[in-house]
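All remarks here apply to the structure that follows.
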Amino acid sequence: MRRYVSLHTTLYSDKDRLFNGIWLHWQVLTPAERVVCWGIILIPLWWFIGWTLIPMFWVVSIALYELYFYKKIRLSRPTLEVISVITFAFYRAWTYVYNSPVIAPRELLNPFLAWGCCGLLLWYVQSHSIRIRLQTVAWAFSSIICLMIVWWLFFHFVLSEPFLIPPRNLFAMLTDKGVYDPNELSSVSNYLVPYYLTHKFAGLVRYTFFFPHPTVSSFAIGFAGLIVLDIKQRWWTLPIFSVCAFLILICQTRNAWLALLIVLFVRSLIKISKTRGIAFILALFALTSFTTLSLPSVTDFITDTYSNTIEATSNFRKDSTASRNLIYQRTWEKFVEEPLLGHGINGSPVEPIYKFTRIGTESFILGTLLYKSGLIGTLFFMTFFISFAAHLYQTQEGRPLCCFLILLYLSLASLVTEFQTPEIFIVLLCAMLWNERKQGMGQTTKYA
């Protein structure tokens, strides 16, 4: 009898286990988990289509699904964070119309395509209490990280990173967008740009991978690294996180790297009582890297040793730093002139040679919120952010630590970065991520 029970339990456990070797056992995934996993795995497809349209694609797909199977869209009463972020989208559209001399349809729709769709998707997630197991999301992100390193190896070693004119994405082809201009960010987002040959550091060109800009790529990779760190299997965590660290370096986004190091240090402090060894390694890694990148003398010494030239070190992204400082200074001055309603649109370039160095850019807090949205729009967004963080805290039991660290990562990055569509999807993932809890042999909690 004991042998029968043991055999029966083992078979039940094998049938319901989440992984079959290194592959996901798709039969045991919930419909929501399958959708999220495919959404992450198909990131190259979203890049080909155009990231601008992807939030609307998901909203329309969910609406059609609900209408087809249930004849209505099942939603509960919206929460404060949902109301505030949708209100923020309407306010951003209003400030654009109020301040722009010429109304461009795409610029008018951008707040709804980003923040408006984010609010609708968050509303649906909260209405159905959708829970996605951490392991499934970590596996999907690990697949994309592996694809990125293969992508880099192919372009770097096989093709030797040749000069190429990037093709337009599907959105740009359908809307007949203009000529590619590497100095105009709105133009770059319409093209499939794998890397920037003009940006090099230590012999490495700057990669974008499957995102609109290297900065977006860096943060997406950082998010993947934080998610993978919450997996207990070190044979899985350490290799993938090491690859993430390397990919962020070749994306050459200093603010993403430094923000990640701070988050890693905070994570180490939280974990130090439970896993002293790993916590110490991460803390040492963060401290060493932060010192390397933040102290010019140390940075100069290391880079000079690697590349045998001090000029490459002293001039690395030097013009970028100077331009950013000038943008922040002019943006603050203009914000003080109109603090309540905001300016709605980006200002004039601070350096006429470079069209992308516009007042109101390079910072979500200073540019998108204070300068373009004013104190009123900032109040709407802060209501969303605080209430969303409070919701995560109130439902913290069962949530992985990465949910809160990702919000910290976003907060640090918002000082010197403008957010785009991929970062918004990460916020939605924070609302859905959940740790699997064992209830007995072969049994786990149920997920929506």
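We label chains A, B, ... in the order they appear in the structure tokens, count residues from 1 in each chain, and number ligands from 1 in the order shown.
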
Please run DSSP on the backbone and report, as a PyMOL selection string, all residues within range 65-124 of chain A that come out as alpha helix (DSSP H).
chain A and resi 65-70+80-99+105-111+117-124

Ala220 in chain A surroundings by only C-alpha atoms, 9 Å radius, close-in-sequence under 4 positions cut, as a PyMOL selection string:
chain A and resi 211+215-216+224-225+422-423+426

Keeping only N, CA, C and O atoms, write the selected residues to a file as a PDB file, in the first residue's frame.
ATOM      1  N   PHE A 211      14.767  46.980 -28.841  1.00  0.00           N
ATOM      2  CA  PHE A 211      14.045  48.078 -28.211  1.00  0.00           C
ATOM      3  C   PHE A 211      14.325  49.379 -28.949  1.00  0.00           C
ATOM      4  O   PHE A 211      15.259  49.458 -29.760  1.00  0.00           O
ATOM      5  N   THR A 215      19.046  52.971 -24.040  1.00  0.00           N
ATOM      6  CA  THR A 215      18.627  53.191 -22.656  1.00  0.00           C
ATOM      7  C   THR A 215      17.471  52.271 -22.284  1.00  0.00           C
ATOM      8  O   THR A 215      17.465  51.663 -21.206  1.00  0.00           O
ATOM      9  N   VAL A 216      16.494  52.148 -23.178  1.00  0.00           N
ATOM     10  CA  VAL A 216      15.360  51.251 -22.929  1.00  0.00           C
ATOM     11  C   VAL A 216      15.841  49.809 -22.839  1.00  0.00           C
ATOM     12  O   VAL A 216      15.399  49.037 -21.980  1.00  0.00           O
ATOM     13  N   ALA A 224      15.058  42.154 -16.197  1.00  0.00           N
ATOM     14  CA  ALA A 224      15.194  40.698 -16.329  1.00  0.00           C
ATOM     15  C   ALA A 224      16.168  40.144 -15.299  1.00  0.00           C
ATOM     16  O   ALA A 224      15.923  39.099 -14.692  1.00  0.00           O
ATOM     17  N   GLY A 225      17.281  40.852 -15.081  1.00  0.00           N
ATOM     18  CA  GLY A 225      18.254  40.408 -14.094  1.00  0.00           C
ATOM     19  C   GLY A 225      17.686  40.363 -12.691  1.00  0.00           C
ATOM     20  O   GLY A 225      17.930  39.414 -11.933  1.00  0.00           O
ATOM     21  N   PRO A 422       8.144  49.849 -23.232  1.00  0.00           N
ATOM     22  CA  PRO A 422       8.597  48.640 -22.524  1.00  0.00           C
ATOM     23  C   PRO A 422       8.638  48.789 -21.012  1.00  0.00           C
ATOM     24  O   PRO A 422       8.313  47.846 -20.288  1.00  0.00           O
ATOM     25  N   GLU A 423       9.032  49.963 -20.500  1.00  0.00           N
ATOM     26  CA  GLU A 423       9.054  50.150 -19.051  1.00  0.00           C
ATOM     27  C   GLU A 423       7.655  50.097 -18.451  1.00  0.00           C
ATOM     28  O   GLU A 423       7.470  49.639 -17.323  1.00  0.00           O
ATOM     29  N   ILE A 426       6.642  46.607 -17.709  1.00  0.00           N
ATOM     30  CA  ILE A 426       7.283  46.074 -16.510  1.00  0.00           C
ATOM     31  C   ILE A 426       6.461  46.397 -15.273  1.00  0.00           C
ATOM     32  O   ILE A 426       6.344  45.592 -14.344  1.00  0.00           O
TER      33      ILE A 426
END

Point out the residue among A:Val59, A:Leu192, A:Ile22, A:Leu341 with the least atom-to-atom distance to Asn169 in chain A, counting only C-alpha atoms.
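Nearest candidate to Asn169 in chain A out of A:Val59, A:Leu192, A:Ile22, A:Leu341: A:Leu192.
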
Find the residues around range 144-161 of chain A up to 9 Å (only C-alpha atoms counted), leave out those fewer than 5 positions away in its own chain, and share them as a PyMOL selection string.
chain A and resi 40-44+139+194-195+197+204-205+207+209-210+221+224+240+243-244+247

Rounded to one decimal place, report the CA of Glu397 in chain A-CA of Ser129 in chain A distance in Å.
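Separation of CA of Glu397 in chain A and CA of Ser129 in chain A: 14.1 Å.
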
As an exercise, work out the distance from CA of Tyr124 in chain A to CA of Phe57 in chain A in Å and give it to one decimal place.
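CA of Phe57 in chain A lies 14.5 Å from CA of Tyr124 in chain A.
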
Taking the backbone alone, and naming residues the way the document does, which bits of range 16-196 of chain A are strand (DSSP E or B) by DSSP, as a list in words?
Phe19, Asn20, Trp23, Leu24, Ile132, Arg133, Arg168, Tyr191, Tyr195 and Tyr196 of chain A

Would you mind exporting C-alpha atoms of the selected residues as a short mmCIF file (atom, residue, chain, number, x, y, z; two decimals), in the first residue's frame?
data_model
loop_
_atom_site.label_atom_id
_atom_site.label_comp_id
_atom_site.auth_asym_id
_atom_site.auth_seq_id
_atom_site.Cartn_x
_atom_site.Cartn_y
_atom_site.Cartn_z
CA PHE A 19 9.49 22.34 -15.92
CA ASN A 20 10.37 19.45 -18.16
CA TRP A 23 11.69 23.71 -20.93
CA LEU A 24 8.43 24.95 -19.49
CA ILE A 132 1.72 34.84 -12.81
CA ARG A 133 4.30 32.53 -11.27
CA ARG A 168 11.62 50.86 -41.04
CA TYR A 191 13.47 52.10 -37.44
CA TYR A 195 23.45 49.13 -32.93
CA TYR A 196 25.13 52.55 -33.20
#

Would you give me, as JSON lines, each residue of range 116-166 of chain A having an atom within 12 Å of an atom of range 379-384 of chain A, along with its shortest atom pair and that distance in Å to one decimal, using only C-alpha atoms and sorting by chain and residue number?
{"residue": "A:Gly116", "atom": "CA", "partner": "A:Phe381", "partner_atom": "CA", "distance": 11.9}
{"residue": "A:Cys118", "atom": "CA", "partner": "A:Phe384", "partner_atom": "CA", "distance": 11.3}
{"residue": "A:Gly119", "atom": "CA", "partner": "A:Phe384", "partner_atom": "CA", "distance": 9.5}
{"residue": "A:Leu122", "atom": "CA", "partner": "A:Phe384", "partner_atom": "CA", "distance": 11.3}

d(CA of Asn346 in chain A, CA of Gly360 in chain A) in Å:
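Pair CA of Asn346 in chain A / CA of Gly360 in chain A returns 5.1 Å.
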
I'd like to know which of A:Pro400, A:Trp51, A:Ile103, A:Leu370 is closest to Arg267 in chain A, using only C-alpha atoms.
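Under the stated criterion, the closest residue is A:Pro400.
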